[in-house]
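Trainee: Okay, handing you the structure first.
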Amino acid sequence: MHALIEKLRGTVLPAVVTPMDSEGVVAYDALSAYAGALTAAPIGGIAVWAHTGRGLYLSASDRSKVLETWRSATDVPIVAGVGVPRSQSAQTLQEAADATVAMALQAAAGGADAVMVYPLAALGDLPDGDAQAVALHERVAAESGLPLVGFYLHGEAGGYPYSPALIRDLLGLDSMLGVKTATLDRAIGCQDAIWAGRGTGKLLITGEDRMYGPSFMWGADTALVGIAAAQVALSADVLAAWTAGDHSGFLTASERLDRFAAATFYAPIEGYVQRMLWAAVWEGLLPEEASYDPYGPSLPPGERDVVVHCLEDLRG
């Protein structure tokens, strides 16, 4: 087993946002300050280039500089997301696989400790899709030299359901640290995915922002979540209480986290990135001018009020 497995088990890894201005330009001064603040929180690692950070949409030069900024800010393990955006679905599978490997090589060169492999949605439509998914992970590991996190991502974000059999096959790879389950609101799929990993010794990683507490009750032991991009303590408190067997504390912490999730993760679900940016501004993690998501839907002003009112209630 890779040493990172026990180092990360029982910890929270925020899938961090990438501060940008209204033109979609990365605000690096804001990113440096954000990185310094977030890495002072009770976390076990950081996830860059993930869905929350719009990593698949960043230019190669921006990806390198984002990773460099986080690597300079912390010595905790960094997991970098690698793959291709849904908008490039017209690529051949070979082209998509090549791009995924190239991104993994970039992550390795920039000092990442592991990579999280985005699902290639097209594989879900092929009769041998599972076998090709395993082959992709094997290739990424072999060429980058980095350990892997698998990523069962819900369809609204460009993923597809990983069968329990595929999850077991992935976890059987020596290079695999664990699989992140992010089914959004599919309780049965989440349960099946977590249960598929039981007994493997690998990390059972929740990415379930709206089923965060329940996912631990179903067996998850680690968290890699976008909801921890702001208000990290809300996520960390839930996991800490569960790990300590403090069931009363767990219920209290879960209720607080669920209130925040309800104010940030709802339809249109792609709007959650903007809502998390608003939360980061309220918390003082980001300046207003670096809180734009150019890749998500346009949201009405009232949605920001929902986020702010929730945070004020939680503070009170």
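Labels used: A, B, ... for chains in the order of the structure tokens, numbers from 1 for residues in each chain, and numbers from 1 for ligands as shown.
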DSSP says strand (DSSP E or B) for which residues of segment 12-185 of chain A? Put them as a JSON list (two decimals) with N, CA and C atoms, in the first residue's frame?
Mentor:
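result-v1.json, written as the output of this step:
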```
[["chain", "number", "residue", "atom", "x", "y", "z"],
["A", 12, "VAL", "N", -9.68, 15.72, 5.60],
["A", 12, "VAL", "CA", -10.42, 16.47, 4.58],
["A", 12, "VAL", "C", -9.43, 17.11, 3.62],
["A", 13, "LEU", "N", -9.71, 16.94, 2.32],
["A", 13, "LEU", "CA", -8.94, 17.62, 1.27],
["A", 13, "LEU", "C", -9.90, 18.56, 0.55],
["A", 14, "PRO", "N", -9.80, 19.86, 0.77],
["A", 14, "PRO", "CA", -10.66, 20.79, 0.02],
["A", 14, "PRO", "C", -10.34, 20.75, -1.47],
["A", 15, "ALA", "N", -11.39, 20.67, -2.29],
["A", 15, "ALA", "CA", -11.24, 20.91, -3.72],
["A", 15, "ALA", "C", -11.36, 22.41, -3.90],
["A", 20, "MET", "N", -10.71, 34.26, -9.89],
["A", 20, "MET", "CA", -10.61, 34.90, -11.20],
["A", 20, "MET", "C", -11.34, 36.23, -11.17],
["A", 26, "VAL", "N", -6.97, 34.63, -13.99],
["A", 26, "VAL", "CA", -6.65, 34.15, -12.65],
["A", 26, "VAL", "C", -6.00, 35.27, -11.83],
["A", 46, "ILE", "N", -4.74, 19.00, -0.26],
["A", 46, "ILE", "CA", -5.41, 19.96, -1.14],
["A", 46, "ILE", "C", -5.65, 19.28, -2.48],
["A", 47, "ALA", "N", -6.80, 19.58, -3.09],
["A", 47, "ALA", "CA", -7.08, 19.11, -4.45],
["A", 47, "ALA", "C", -7.14, 20.31, -5.38],
["A", 48, "VAL", "N", -6.21, 20.40, -6.31],
["A", 48, "VAL", "CA", -6.19, 21.47, -7.31],
["A", 48, "VAL", "C", -6.64, 20.91, -8.65],
["A", 78, "ILE", "N", -0.72, 17.22, -2.27],
["A", 78, "ILE", "CA", -1.56, 17.88, -3.28],
["A", 78, "ILE", "C", -1.98, 16.85, -4.32],
["A", 79, "VAL", "N", -3.28, 16.75, -4.52],
["A", 79, "VAL", "CA", -3.86, 15.90, -5.55],
["A", 79, "VAL", "C", -4.33, 16.80, -6.68],
["A", 80, "ALA", "N", -3.90, 16.51, -7.91],
["A", 80, "ALA", "CA", -4.27, 17.33, -9.07],
["A", 80, "ALA", "C", -5.23, 16.55, -9.97],
["A", 81, "GLY", "N", -6.34, 17.18, -10.32],
["A", 81, "GLY", "CA", -7.28, 16.57, -11.25],
["A", 81, "GLY", "C", -6.74, 16.57, -12.67],
["A", 82, "VAL", "N", -6.92, 15.47, -13.39],
["A", 82, "VAL", "CA", -6.44, 15.38, -14.78],
["A", 82, "VAL", "C", -7.53, 14.78, -15.65],
["A", 114, "ALA", "N", -0.18, 13.28, -6.16],
["A", 114, "ALA", "CA", -1.06, 12.28, -6.74],
["A", 114, "ALA", "C", -1.94, 12.98, -7.77],
["A", 115, "VAL", "N", -2.61, 12.19, -8.61],
["A", 115, "VAL", "CA", -3.55, 12.75, -9.56],
["A", 115, "VAL", "C", -4.90, 12.06, -9.41],
["A", 116, "MET", "N", -5.95, 12.84, -9.63],
["A", 116, "MET", "CA", -7.31, 12.33, -9.64],
["A", 116, "MET", "C", -7.77, 12.31, -11.09],
["A", 117, "VAL", "N", -8.09, 11.13, -11.60],
["A", 117, "VAL", "CA", -8.40, 10.96, -13.01],
["A", 117, "VAL", "C", -9.89, 11.17, -13.24],
["A", 148, "LEU", "N", -2.79, 7.31, -7.86],
["A", 148, "LEU", "CA", -4.03, 7.80, -8.43],
["A", 148, "LEU", "C", -5.18, 7.80, -7.45],
["A", 149, "VAL", "N", -6.11, 8.73, -7.69],
["A", 149, "VAL", "CA", -7.43, 8.71, -7.10],
["A", 149, "VAL", "C", -8.43, 8.55, -8.23],
["A", 150, "GLY", "N", -9.31, 7.56, -8.12],
["A", 150, "GLY", "CA", -10.38, 7.40, -9.10],
["A", 150, "GLY", "C", -11.49, 8.39, -8.81],
["A", 151, "PHE", "N", -12.37, 8.62, -9.78],
["A", 151, "PHE", "CA", -13.35, 9.70, -9.65],
["A", 151, "PHE", "C", -14.67, 9.27, -10.28],
["A", 152, "TYR", "N", -15.59, 8.83, -9.45],
["A", 152, "TYR", "CA", -16.95, 8.52, -9.89],
["A", 152, "TYR", "C", -17.73, 9.82, -9.78],
["A", 153, "LEU", "N", -17.95, 10.48, -10.93],
["A", 153, "LEU", "CA", -18.54, 11.82, -10.99],
["A", 153, "LEU", "C", -19.92, 11.76, -11.63],
["A", 176, "MET", "N", -3.41, 2.72, -7.13],
["A", 176, "MET", "CA", -4.62, 3.42, -6.71],
["A", 176, "MET", "C", -4.64, 3.68, -5.21],
["A", 177, "LEU", "N", -4.85, 4.97, -4.83],
["A", 177, "LEU", "CA", -5.01, 5.33, -3.42],
["A", 177, "LEU", "C", -6.44, 5.07, -2.95],
["A", 178, "GLY", "N", -7.41, 5.37, -3.80],
["A", 178, "GLY", "CA", -8.81, 5.23, -3.45],
["A", 178, "GLY", "C", -9.66, 5.78, -4.58],
["A", 179, "VAL", "N", -10.97, 5.71, -4.40],
["A", 179, "VAL", "CA", -11.91, 6.26, -5.37],
["A", 179, "VAL", "C", -12.79, 7.28, -4.68],
["A", 180, "LYS", "N", -12.92, 8.45, -5.30],
["A", 180, "LYS", "CA", -13.82, 9.48, -4.81],
["A", 180, "LYS", "C", -15.19, 9.27, -5.43],
["A", 181, "THR", "N", -16.20, 9.26, -4.57],
["A", 181, "THR", "CA", -17.58, 9.09, -5.01],
["A", 181, "THR", "C", -18.30, 10.43, -4.93],
["A", 182, "ALA", "N", -18.78, 10.91, -6.09],
["A", 182, "ALA", "CA", -19.48, 12.18, -6.15],
["A", 182, "ALA", "C", -20.73, 12.00, -7.00]]
```
Trainee: Just want the 10 Å neighbourhood of Trp242 of chain A, counted on only C-alpha atoms, with same-chain residues fewer than 2 positions away dropped. Output as a ChimeraX atom specification.
Mentor: /A:10,213,216-217,221,237-240,244-251,253-254
Trainee: Hey, what's within 9 Å of Leu56 of chain A if we count only C-alpha atoms and toss same-chain stuff fewer than 4 positions away? As number ranges by chain, please?
Mentor: A: 49-51, 63, 81-85
Trainee: Let me make sure I understand: among A:Ala108, A:Ala27, A:Leu299, A:Val17, which one has the smallest atom-to-atom distance to Thr52 of chain A if we use only C-alpha atoms?
Mentor: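 Checking each candidate against Thr52 of chain A, we get A:Val17 as the closest.
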Trainee: Between A:Val76, A:Ala102, A:Leu204, A:Ala165, which one has atoms that come closest to Gly129 of chain A, using only C-alpha atoms?
Mentor: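 Going through A:Val76, A:Ala102, A:Leu204, A:Ala165 one by one, the smallest distance to Gly129 of chain A is for A:Ala165.
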Trainee: To test your reading of the structure, identify every residue in segment 8-81 of chain A that backbone DSSP assigns to alpha helix (DSSP H), and report it as a list of chain:residue names.
Mentor: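 Residues of segment 8-81 of chain A classed as alpha helix (DSSP H): A:Leu8, A:Tyr28, A:Asp29, A:Ala30, A:Leu31, A:Ser32, A:Ala33, A:Tyr34, A:Ala35, A:Gly36, A:Ala37, A:Leu38, A:Ala60, A:Ser61, A:Asp62, A:Arg63, A:Ser64, A:Lys65, A:Val66, A:Leu67, A:Glu68, A:Thr69, A:Trp70, A:Arg71, A:Ser72, A:Ala73.
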Trainee: So that I can see what lies close to Thr222 of chain A, please list as a list in words the residues with an atom at most 6 Å from it, counting only C-alpha atoms and leaving out residues fewer than 5 positions away in the same chain.
Mentor: Arg9, Gly10, Thr11 and Ile205 of chain A
Trainee: Quick one: of A:Ala263, A:Leu146, A:Ala196, A:Ala228, who's nearest to Gly110 of chain A, counting only C-alpha atoms?
Mentor: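 Closest residue, counting only C-alpha atoms: A:Leu146.
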Trainee: Residues within 9 Å of segment 34-36 of chain A, please, as a list in words. Count only C-alpha atoms; anything in the same chain fewer than 5 positions from it doesn't count.
Mentor: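 That gives Val16, Pro19, Asp29, Thr69, Trp70, Ala73, Thr74, Ala280, Gly284, Leu285 and Leu286 of chain A.
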